[in-house]
$ cat final.cif   # mmCIF, C-alpha atoms; chains and numbers go by the auth columns
data_coords
#
loop_
_atom_site.group_PDB
_atom_site.id
_atom_site.type_symbol
_atom_site.label_atom_id
_atom_site.label_comp_id
_atom_site.label_asym_id
_atom_site.label_seq_id
_atom_site.Cartn_x
_atom_site.Cartn_y
_atom_site.Cartn_z
_atom_site.B_iso_or_equiv
_atom_site.auth_seq_id
_atom_site.auth_asym_id
ATOM 1 C CA MET A 1 -20.088 -34.690 28.288 0.00 229 A
ATOM 2 C CA THR A 2 -20.020 -31.572 26.121 0.00 230 A
ATOM 3 C CA THR A 3 -21.800 -28.280 26.688 0.00 231 A
ATOM 4 C CA ALA A 4 -22.872 -25.366 24.523 0.00 232 A
ATOM 5 C CA CYS A 5 -24.683 -22.112 25.215 0.00 233 A
ATOM 6 C CA ILE A 6 -26.838 -20.275 22.686 0.00 234 A
ATOM 7 C CA LYS A 7 -28.847 -17.049 22.873 0.00 235 A
ATOM 8 C CA THR A 8 -32.605 -17.457 22.396 0.00 236 A
ATOM 9 C CA PRO A 9 -35.516 -15.020 22.638 0.00 237 A
ATOM 10 C CA LEU A 10 -36.009 -16.259 26.215 0.00 238 A
ATOM 11 C CA GLY A 11 -32.446 -16.005 27.468 0.00 239 A
ATOM 12 C CA PHE A 12 -29.323 -18.102 27.364 0.00 240 A
ATOM 13 C CA THR A 13 -29.900 -21.784 26.697 0.00 241 A
ATOM 14 C CA THR A 14 -27.279 -24.224 27.948 0.00 242 A
ATOM 15 C CA ILE A 15 -27.258 -27.677 26.350 0.00 243 A
ATOM 16 C CA SER A 16 -25.313 -30.694 27.604 0.00 244 A
ATOM 17 C CA GLY A 17 -24.912 -34.115 26.084 0.00 245 A
ATOM 18 C CA ASP A 18 -22.684 -36.581 24.339 0.00 246 A
ATOM 19 C CA GLU A 19 -22.844 -39.349 21.735 0.00 247 A
ATOM 20 C CA HIS A 20 -25.616 -41.014 23.798 0.00 248 A
ATOM 21 C CA GLY A 21 -27.878 -37.978 23.415 0.00 249 A
ATOM 22 C CA VAL A 22 -28.857 -34.667 24.951 0.00 250 A
ATOM 23 C CA SER A 23 -29.087 -34.922 28.740 0.00 251 A
ATOM 24 C CA SER A 24 -29.884 -31.332 29.713 0.00 252 A
ATOM 25 C CA ILE A 25 -31.317 -28.147 28.218 0.00 253 A
ATOM 26 C CA THR A 26 -31.760 -25.217 30.601 0.00 254 A
ATOM 27 C CA VAL A 27 -32.493 -21.520 30.289 0.00 255 A
ATOM 28 C CA SER A 28 -31.203 -18.602 32.333 0.00 256 A
ATOM 29 C CA ASP A 29 -30.878 -14.845 32.198 0.00 257 A
ATOM 30 C CA ASP A 30 -27.080 -14.963 32.052 0.00 258 A
ATOM 31 C CA GLY A 31 -24.602 -16.903 29.989 0.00 259 A
ATOM 32 C CA ILE A 32 -21.753 -16.812 27.539 0.00 260 A
ATOM 33 C CA VAL A 33 -22.539 -17.916 23.997 0.00 261 A
ATOM 34 C CA THR A 34 -20.387 -20.795 22.792 0.00 262 A
ATOM 35 C CA SER A 35 -18.333 -19.851 19.743 0.00 263 A
ATOM 36 C CA SER A 36 -18.149 -23.401 18.411 0.00 264 A
ATOM 37 C CA ILE A 37 -20.942 -25.937 18.947 0.00 265 A
ATOM 38 C CA PRO A 38 -19.645 -29.457 19.722 0.00 266 A
ATOM 39 C CA GLU A 39 -20.597 -32.016 17.073 0.00 267 A
ATOM 40 C CA ALA A 40 -22.759 -34.036 19.503 0.00 268 A
ATOM 41 C CA LEU A 41 -24.949 -30.957 20.093 0.00 269 A
ATOM 42 C CA GLN A 42 -25.164 -29.474 16.600 0.00 270 A
ATOM 43 C CA GLU A 43 -28.454 -31.171 15.698 0.00 271 A
ATOM 44 C CA VAL A 44 -30.321 -30.065 18.821 0.00 272 A
ATOM 45 C CA VAL A 45 -28.974 -26.514 18.472 0.00 273 A
ATOM 46 C CA SER A 46 -30.182 -26.448 14.866 0.00 274 A
ATOM 47 C CA GLN A 47 -33.610 -27.774 15.889 0.00 275 A
ATOM 48 C CA LEU A 48 -33.935 -25.243 18.731 0.00 276 A
ATOM 49 C CA ASN A 49 -33.038 -22.411 16.358 0.00 277 A
ATOM 50 C CA ASP A 50 -35.688 -23.654 13.905 0.00 278 A
ATOM 51 C CA TYR A 51 -38.251 -23.801 16.733 0.00 279 A
ATOM 52 C CA PHE A 52 -37.614 -20.183 17.670 0.00 280 A
ATOM 53 C CA LYS A 53 -37.792 -19.136 13.995 0.00 281 A
ATOM 54 C CA GLY A 54 -41.234 -20.752 13.871 0.00 282 A
ATOM 55 C CA THR A 55 -40.264 -23.417 11.324 0.00 283 A
ATOM 56 C CA ARG A 56 -40.192 -26.446 13.675 0.00 284 A
ATOM 57 C CA THR A 57 -43.066 -27.936 15.664 0.00 285 A
ATOM 58 C CA SER A 58 -41.427 -31.113 16.974 0.00 286 A
ATOM 59 C CA PHE A 59 -37.976 -32.389 17.862 0.00 287 A
ATOM 60 C CA ASP A 60 -36.324 -35.595 16.756 0.00 288 A
ATOM 61 C CA CYS A 61 -32.862 -35.365 18.254 0.00 289 A
ATOM 62 C CA LYS A 62 -31.423 -38.135 20.397 0.00 290 A
ATOM 63 C CA LEU A 63 -32.259 -37.614 24.086 0.00 291 A
ATOM 64 C CA ASN A 64 -30.656 -39.086 27.187 0.00 292 A
ATOM 65 C CA PRO A 65 -32.270 -37.504 30.255 0.00 293 A
ATOM 66 C CA GLN A 66 -31.311 -38.762 33.691 0.00 294 A
ATOM 67 C CA GLY A 67 -34.129 -39.520 36.121 0.00 295 A
ATOM 68 C CA THR A 68 -36.214 -42.211 37.748 0.00 296 A
ATOM 69 C CA ASP A 69 -38.336 -44.566 35.675 0.00 297 A
ATOM 70 C CA PHE A 70 -41.439 -42.663 36.807 0.00 298 A
ATOM 71 C CA GLN A 71 -39.938 -39.313 35.779 0.00 299 A
ATOM 72 C CA LYS A 72 -38.913 -40.702 32.396 0.00 300 A
ATOM 73 C CA GLY A 73 -42.478 -41.960 31.894 0.00 301 A
ATOM 74 C CA VAL A 74 -43.895 -38.536 32.722 0.00 302 A
ATOM 75 C CA TRP A 75 -41.423 -36.863 30.374 0.00 303 A
ATOM 76 C CA ALA A 76 -42.272 -39.323 27.584 0.00 304 A
ATOM 77 C CA ALA A 77 -45.970 -38.440 28.005 0.00 305 A
ATOM 78 C CA LEU A 78 -45.126 -34.744 27.684 0.00 306 A
ATOM 79 C CA VAL A 79 -43.682 -35.333 24.230 0.00 307 A
ATOM 80 C CA ASP A 80 -47.120 -36.601 23.152 0.00 308 A
ATOM 81 C CA ILE A 81 -48.788 -33.230 23.793 0.00 309 A
ATOM 82 C CA PRO A 82 -49.244 -31.748 20.317 0.00 310 A
ATOM 83 C CA PHE A 83 -47.582 -28.491 19.345 0.00 311 A
ATOM 84 C CA GLY A 84 -49.905 -25.573 20.061 0.00 312 A
ATOM 85 C CA LYS A 85 -52.054 -27.563 22.515 0.00 313 A
ATOM 86 C CA THR A 86 -52.157 -27.773 26.290 0.00 314 A
ATOM 87 C CA ARG A 87 -53.158 -30.385 28.855 0.00 315 A
ATOM 88 C CA THR A 88 -53.854 -30.100 32.532 0.00 316 A
ATOM 89 C CA TYR A 89 -51.856 -31.881 35.205 0.00 317 A
ATOM 90 C CA LEU A 90 -54.936 -34.037 35.835 0.00 318 A
ATOM 91 C CA GLU A 91 -55.122 -34.995 32.146 0.00 319 A
ATOM 92 C CA GLN A 92 -51.433 -35.902 32.266 0.00 320 A
ATOM 93 C CA ALA A 93 -52.013 -38.089 35.327 0.00 321 A
ATOM 94 C CA LYS A 94 -54.902 -39.804 33.518 0.00 322 A
ATOM 95 C CA THR A 95 -52.668 -40.351 30.493 0.00 323 A
ATOM 96 C CA LEU A 96 -50.250 -42.163 32.786 0.00 324 A
ATOM 97 C CA GLY A 97 -53.090 -44.283 34.202 0.00 325 A
ATOM 98 C CA ASP A 98 -53.364 -42.897 37.737 0.00 326 A
ATOM 99 C CA VAL A 99 -55.426 -39.795 38.526 0.00 327 A
ATOM 100 C CA LYS A 100 -54.164 -39.955 42.118 0.00 328 A
ATOM 101 C CA ALA A 101 -50.634 -39.333 40.867 0.00 329 A
ATOM 102 C CA ILE A 102 -51.363 -35.722 39.917 0.00 330 A
ATOM 103 C CA ARG A 103 -48.898 -34.262 42.446 0.00 331 A
ATOM 104 C CA ALA A 104 -46.190 -36.745 41.497 0.00 332 A
ATOM 105 C CA VAL A 105 -46.756 -35.887 37.832 0.00 333 A
ATOM 106 C CA ALA A 106 -46.489 -32.173 38.604 0.00 334 A
ATOM 107 C CA PHE A 107 -43.288 -32.782 40.585 0.00 335 A
ATOM 108 C CA ALA A 108 -41.780 -34.841 37.745 0.00 336 A
ATOM 109 C CA ASN A 109 -42.717 -32.099 35.262 0.00 337 A
ATOM 110 C CA GLY A 110 -40.789 -29.665 37.437 0.00 338 A
ATOM 111 C CA LYS A 111 -37.718 -31.908 37.226 0.00 339 A
ATOM 112 C CA ASN A 112 -37.800 -32.064 33.416 0.00 340 A
ATOM 113 C CA PRO A 113 -34.167 -31.567 32.336 0.00 341 A
ATOM 114 C CA LEU A 114 -34.947 -30.937 28.656 0.00 342 A
ATOM 115 C CA TRP A 115 -36.439 -27.450 28.333 0.00 343 A
ATOM 116 C CA ILE A 116 -38.713 -26.988 25.274 0.00 344 A
ATOM 117 C CA VAL A 117 -37.728 -30.299 23.626 0.00 345 A
ATOM 118 C CA VAL A 118 -39.759 -32.117 26.300 0.00 346 A
ATOM 119 C CA PRO A 119 -42.608 -29.594 26.431 0.00 347 A
ATOM 120 C CA CYS A 120 -43.604 -29.320 30.083 0.00 348 A
ATOM 121 C CA HIS A 121 -44.648 -25.741 29.290 0.00 349 A
ATOM 122 C CA ARG A 122 -47.757 -27.235 27.642 0.00 350 A
ATOM 123 C CA VAL A 123 -49.135 -28.420 30.991 0.00 351 A
ATOM 124 C CA ILE A 124 -51.454 -25.981 32.758 0.00 352 A
ATOM 125 C CA GLY A 125 -53.667 -25.900 35.825 0.00 353 A
ATOM 126 C CA SER A 126 -57.182 -27.365 35.726 0.00 354 A
ATOM 127 C CA ASP A 127 -58.603 -23.839 35.741 0.00 355 A
ATOM 128 C CA GLY A 128 -56.466 -22.860 32.737 0.00 356 A
ATOM 129 C CA SER A 129 -53.902 -20.990 34.816 0.00 357 A
ATOM 130 C CA LEU A 130 -50.196 -21.006 34.085 0.00 358 A
ATOM 131 C CA THR A 131 -49.069 -22.819 37.175 0.00 359 A
ATOM 132 C CA GLY A 132 -45.549 -23.865 38.021 0.00 360 A
ATOM 133 C CA TYR A 133 -42.753 -23.489 35.525 0.00 361 A
ATOM 134 C CA ALA A 134 -39.084 -23.779 36.411 0.00 362 A
ATOM 135 C CA GLY A 135 -38.117 -21.274 33.702 0.00 363 A
ATOM 136 C CA GLY A 136 -40.528 -18.663 35.030 0.00 364 A
ATOM 137 C CA LEU A 137 -44.173 -18.127 34.166 0.00 365 A
ATOM 138 C CA TRP A 138 -43.348 -15.344 31.711 0.00 366 A
ATOM 139 C CA ARG A 139 -41.348 -17.849 29.649 0.00 367 A
ATOM 140 C CA LYS A 140 -44.189 -20.378 29.807 0.00 368 A
ATOM 141 C CA LYS A 141 -46.619 -17.741 28.549 0.00 369 A
ATOM 142 C CA TRP A 142 -44.216 -16.745 25.765 0.00 370 A
ATOM 143 C CA LEU A 143 -43.781 -20.368 24.642 0.00 371 A
ATOM 144 C CA LEU A 144 -47.522 -21.051 24.567 0.00 372 A
ATOM 145 C CA GLU A 145 -48.170 -17.865 22.604 0.00 373 A
ATOM 146 C CA HIS A 146 -45.299 -18.709 20.234 0.00 374 A
ATOM 147 C CA GLU A 147 -46.839 -22.115 19.559 0.00 375 A
ATOM 148 C CA ASN A 148 -50.416 -20.902 19.172 0.00 376 A
ATOM 149 C CA PRO A 149 -50.684 -17.115 19.063 0.00 377 A
ATOM 150 C CA SER A 150 -54.390 -16.983 18.170 0.00 378 A
ATOM 151 C CA SER A 151 -55.996 -19.361 20.658 0.00 379 A
ATOM 152 C CA GLN A 152 -53.741 -19.025 23.676 0.00 380 A
ATOM 153 C CA GLN A 153 -55.067 -15.547 24.451 0.00 381 A
ATOM 154 C CA SER A 154 -58.020 -17.114 26.266 0.00 382 A
ATOM 155 C CA LEU A 155 -55.685 -18.844 28.733 0.00 383 A
ATOM 156 C CA PHE A 156 -54.391 -15.685 30.322 0.00 384 A
#
$ encode --input "final.cif" --output "structure tokens"
Amino acid sequence: MTTACIKTPLGFTTISGDEHGVSSITVSDDGIVTSSIPEALQEVVSQLNDYFKGTRTSFDCKLNPQGTDFQKGVWAALVDIPFGKTRTYLEQAKTLGDVKAIRAVAFANGKNPLWIVVPCHRVIGSDGSLTGYAGGLWRKKWLLEHENPSSQQSLF
């Protein structure tokens, strides 16, 4: 397992993975930027940099998140939310075929190990509120505005 840390507009992003794919992308307020990006992580670092520059709207790097089958299903559904769009937790539960699973879906979203690349920031409350985000609600707001600066204003 290799690790790299890059500076982004939202803080320090730590990326872990190996030849099987990226297993973790997290953000924090503190970190030490990696001087040399390991080969296994170069593609995802490049794609993240493009995203923050505004030139990338989707990711196609190899992923290898660790979680239960249910969590992996929830995370796979998150990838289907289009760039610049949002869905509610209820809509996500419906997408997965079980409206009663809304709390389990929300919990699995909170366990998403692949910040930004698996876009859990695109899931909002049924009333349009920015509910629950492991990276902090200010980061969620920033990401949504970055992806759709003109229409997201009505969410907040």
$ atom_distance --input "final.cif" --atom1 "CA of Thr323 (chain A)" --atom2 "CA of Gly360 (chain A)"
19.5 Å
$ resolve_selection --input "final.cif" --expression "the PyMOL selection byres ((chain A and resi 362-379) around 12)" --output "ChimeraX atom specification"
/A:236-241,253-257,279-286,310-315,334-345,347-352,356-361,380-384
$ atom_distance --input "final.cif" --atom1 "CA of Val333 (chain A)" --atom2 "CA of Ala321 (chain A)"
6.2 Å
$ closest_residue --input "final.cif" --among "A:Lys290, A:Leu318, A:Val273, A:Lys328" --to "Asp355 (chain A)" --atoms "only C-alpha atoms"
A:Leu318
$ closest_residue --input "final.cif" --among "A:Gly353, A:Phe298, A:Gly249, A:Ser264" --to "Asp326 (chain A)" --atoms "all atoms listed in the file"
A:Phe298
$ closest_residue --input "final.cif" --among "A:Gln320, A:Asn277, A:Thr231, A:Gln294" --to "Ile265 (chain A)" --atoms "all atoms listed in the file"
A:Thr231
$ atom_distance --input "final.cif" --atom1 "CA of Gly301 (chain A)" --atom2 "CA of Leu324 (chain A)"
7.8 Å
$ residues_around --input "final.cif" --residues "Pro266 (chain A)" --least-positions-apart "5" --cutoff "10 Å" --atoms "all atoms listed in the file" --output "short mmCIF file (atom, residue, chain, number, x, y, z; two decimals) with C-alpha atoms, in the frame of the given file"
data_model
loop_
_atom_site.label_atom_id
_atom_site.label_comp_id
_atom_site.auth_asym_id
_atom_site.auth_seq_id
_atom_site.Cartn_x
_atom_site.Cartn_y
_atom_site.Cartn_z
CA THR A 230 -20.02 -31.57 26.12
CA THR A 231 -21.80 -28.28 26.69
CA ALA A 232 -22.87 -25.37 24.52
CA SER A 244 -25.31 -30.69 27.60
CA GLY A 245 -24.91 -34.12 26.08
CA ASP A 246 -22.68 -36.58 24.34
CA GLU A 271 -28.45 -31.17 15.70
CA VAL A 273 -28.97 -26.51 18.47
#
$ resolve_selection --input "final.cif" --expression "the PyMOL selection byres ((chain A and resi 291) around 8)" --output "JSON, numbers by chain"
{"A": [248, 249, 250, 251, 289, 290, 292, 293]}
$ closest_residue --input "final.cif" --among "A:Ile243, A:Val261, A:Ile234, A:Val346" --to "Leu306 (chain A)" --atoms "all atoms listed in the file"
A:Val346
$ decode --input "final.cif" --residues "region 232-244 of chain A" --atoms "all heavy atoms" --output "PDB file, in the first residue's frame"
ATOM      1  N   ALA A 232       0.055   9.052  -0.651  1.00  0.00           N
ATOM      2  CA  ALA A 232       0.537  10.364  -1.075  1.00  0.00           C
ATOM      3  C   ALA A 232      -0.381  11.414  -0.470  1.00  0.00           C
ATOM      4  O   ALA A 232      -1.543  11.147  -0.173  1.00  0.00           O
ATOM      5  CB  ALA A 232       0.532  10.469  -2.597  1.00  0.00           C
ATOM      6  N   CYS A 233       0.150  12.610  -0.293  1.00  0.00           N
ATOM      7  CA  CYS A 233      -0.644  13.723   0.220  1.00  0.00           C
ATOM      8  C   CYS A 233      -0.443  14.913  -0.707  1.00  0.00           C
ATOM      9  O   CYS A 233       0.697  15.253  -1.042  1.00  0.00           O
ATOM     10  CB  CYS A 233      -0.225  14.076   1.648  1.00  0.00           C
ATOM     11  SG  CYS A 233      -1.208  15.412   2.378  1.00  0.00           S
ATOM     12  N   ILE A 234      -1.564  15.506  -1.138  1.00  0.00           N
ATOM     13  CA  ILE A 234      -1.512  16.689  -1.985  1.00  0.00           C
ATOM     14  C   ILE A 234      -2.297  17.814  -1.329  1.00  0.00           C
ATOM     15  O   ILE A 234      -3.179  17.566  -0.505  1.00  0.00           O
ATOM     16  CB  ILE A 234      -2.061  16.410  -3.410  1.00  0.00           C
ATOM     17  CG1 ILE A 234      -3.534  15.986  -3.368  1.00  0.00           C
ATOM     18  CG2 ILE A 234      -1.201  15.371  -4.118  1.00  0.00           C
ATOM     19  CD1 ILE A 234      -4.209  15.893  -4.728  1.00  0.00           C
ATOM     20  N   LYS A 235      -1.993  19.039  -1.695  1.00  0.00           N
ATOM     21  CA  LYS A 235      -2.736  20.207  -1.207  1.00  0.00           C
ATOM     22  C   LYS A 235      -3.825  20.519  -2.222  1.00  0.00           C
ATOM     23  O   LYS A 235      -3.568  20.561  -3.419  1.00  0.00           O
ATOM     24  CB  LYS A 235      -1.779  21.387  -1.048  1.00  0.00           C
ATOM     25  CG  LYS A 235      -2.422  22.642  -0.514  1.00  0.00           C
ATOM     26  CD  LYS A 235      -2.640  22.555   0.967  1.00  0.00           C
ATOM     27  CE  LYS A 235      -3.048  23.897   1.544  1.00  0.00           C
ATOM     28  NZ  LYS A 235      -4.405  23.982   1.987  1.00  0.00           N
ATOM     29  N   THR A 236      -5.050  20.698  -1.736  1.00  0.00           N
ATOM     30  CA  THR A 236      -6.184  21.058  -2.584  1.00  0.00           C
ATOM     31  C   THR A 236      -6.822  22.325  -2.018  1.00  0.00           C
ATOM     32  O   THR A 236      -6.484  22.741  -0.902  1.00  0.00           O
ATOM     33  CB  THR A 236      -7.235  19.926  -2.621  1.00  0.00           C
ATOM     34  OG1 THR A 236      -7.903  19.860  -1.355  1.00  0.00           O
ATOM     35  CG2 THR A 236      -6.612  18.579  -2.976  1.00  0.00           C
ATOM     36  N   PRO A 237      -7.756  22.924  -2.739  1.00  0.00           N
ATOM     37  CA  PRO A 237      -8.435  24.100  -2.202  1.00  0.00           C
ATOM     38  C   PRO A 237      -9.200  23.832  -0.905  1.00  0.00           C
ATOM     39  O   PRO A 237      -9.555  24.767  -0.192  1.00  0.00           O
ATOM     40  CB  PRO A 237      -9.413  24.486  -3.322  1.00  0.00           C
ATOM     41  CG  PRO A 237      -8.832  23.903  -4.550  1.00  0.00           C
ATOM     42  CD  PRO A 237      -8.144  22.655  -4.119  1.00  0.00           C
ATOM     43  N   LEU A 238      -9.432  22.557  -0.592  1.00  0.00           N
ATOM     44  CA  LEU A 238     -10.210  22.201   0.593  1.00  0.00           C
ATOM     45  C   LEU A 238      -9.376  21.615   1.719  1.00  0.00           C
ATOM     46  O   LEU A 238      -9.914  21.150   2.722  1.00  0.00           O
ATOM     47  CB  LEU A 238     -11.321  21.222   0.210  1.00  0.00           C
ATOM     48  CG  LEU A 238     -12.344  21.805  -0.762  1.00  0.00           C
ATOM     49  CD1 LEU A 238     -13.366  20.757  -1.156  1.00  0.00           C
ATOM     50  CD2 LEU A 238     -13.023  23.007  -0.158  1.00  0.00           C
ATOM     51  N   GLY A 239      -8.069  21.612   1.563  1.00  0.00           N
ATOM     52  CA  GLY A 239      -7.203  21.069   2.595  1.00  0.00           C
ATOM     53  C   GLY A 239      -6.223  20.070   2.019  1.00  0.00           C
ATOM     54  O   GLY A 239      -5.975  20.027   0.815  1.00  0.00           O
ATOM     55  N   PHE A 240      -5.691  19.262   2.901  1.00  0.00           N
ATOM     56  CA  PHE A 240      -4.720  18.243   2.495  1.00  0.00           C
ATOM     57  C   PHE A 240      -5.464  16.952   2.186  1.00  0.00           C
ATOM     58  O   PHE A 240      -6.252  16.465   3.000  1.00  0.00           O
ATOM     59  CB  PHE A 240      -3.700  18.015   3.619  1.00  0.00           C
ATOM     60  CG  PHE A 240      -2.818  19.205   3.832  1.00  0.00           C
ATOM     61  CD1 PHE A 240      -3.182  20.198   4.729  1.00  0.00           C
ATOM     62  CD2 PHE A 240      -1.633  19.333   3.126  1.00  0.00           C
ATOM     63  CE1 PHE A 240      -2.377  21.312   4.921  1.00  0.00           C
ATOM     64  CE2 PHE A 240      -0.823  20.444   3.306  1.00  0.00           C
ATOM     65  CZ  PHE A 240      -1.198  21.437   4.210  1.00  0.00           C
ATOM     66  N   THR A 241      -5.206  16.415   1.010  1.00  0.00           N
ATOM     67  CA  THR A 241      -5.864  15.187   0.574  1.00  0.00           C
ATOM     68  C   THR A 241      -4.859  14.052   0.609  1.00  0.00           C
ATOM     69  O   THR A 241      -3.814  14.120  -0.049  1.00  0.00           O
ATOM     70  CB  THR A 241      -6.440  15.360  -0.843  1.00  0.00           C
ATOM     71  OG1 THR A 241      -7.406  16.420  -0.797  1.00  0.00           O
ATOM     72  CG2 THR A 241      -7.092  14.092  -1.331  1.00  0.00           C
ATOM     73  N   THR A 242      -5.172  13.022   1.391  1.00  0.00           N
ATOM     74  CA  THR A 242      -4.320  11.851   1.506  1.00  0.00           C
ATOM     75  C   THR A 242      -4.940  10.719   0.698  1.00  0.00           C
ATOM     76  O   THR A 242      -6.123  10.416   0.848  1.00  0.00           O
ATOM     77  CB  THR A 242      -4.154  11.439   2.977  1.00  0.00           C
ATOM     78  OG1 THR A 242      -3.597  12.546   3.694  1.00  0.00           O
ATOM     79  CG2 THR A 242      -3.235  10.229   3.110  1.00  0.00           C
ATOM     80  N   ILE A 243      -4.143  10.105  -0.159  1.00  0.00           N
ATOM     81  CA  ILE A 243      -4.584   9.066  -1.073  1.00  0.00           C
ATOM     82  C   ILE A 243      -3.772   7.811  -0.800  1.00  0.00           C
ATOM     83  O   ILE A 243      -2.549   7.874  -0.698  1.00  0.00           O
ATOM     84  CB  ILE A 243      -4.372   9.510  -2.530  1.00  0.00           C
ATOM     85  CG1 ILE A 243      -5.056  10.868  -2.762  1.00  0.00           C
ATOM     86  CG2 ILE A 243      -4.885   8.470  -3.509  1.00  0.00           C
ATOM     87  CD1 ILE A 243      -4.423  11.687  -3.849  1.00  0.00           C
ATOM     88  N   SER A 244      -4.470   6.684  -0.677  1.00  0.00           N
ATOM     89  CA  SER A 244      -3.797   5.395  -0.468  1.00  0.00           C
ATOM     90  C   SER A 244      -4.270   4.412  -1.524  1.00  0.00           C
ATOM     91  O   SER A 244      -5.432   4.425  -1.935  1.00  0.00           O
ATOM     92  CB  SER A 244      -4.120   4.835   0.914  1.00  0.00           C
ATOM     93  OG  SER A 244      -3.677   5.709   1.919  1.00  0.00           O
TER      94      SER A 244
END
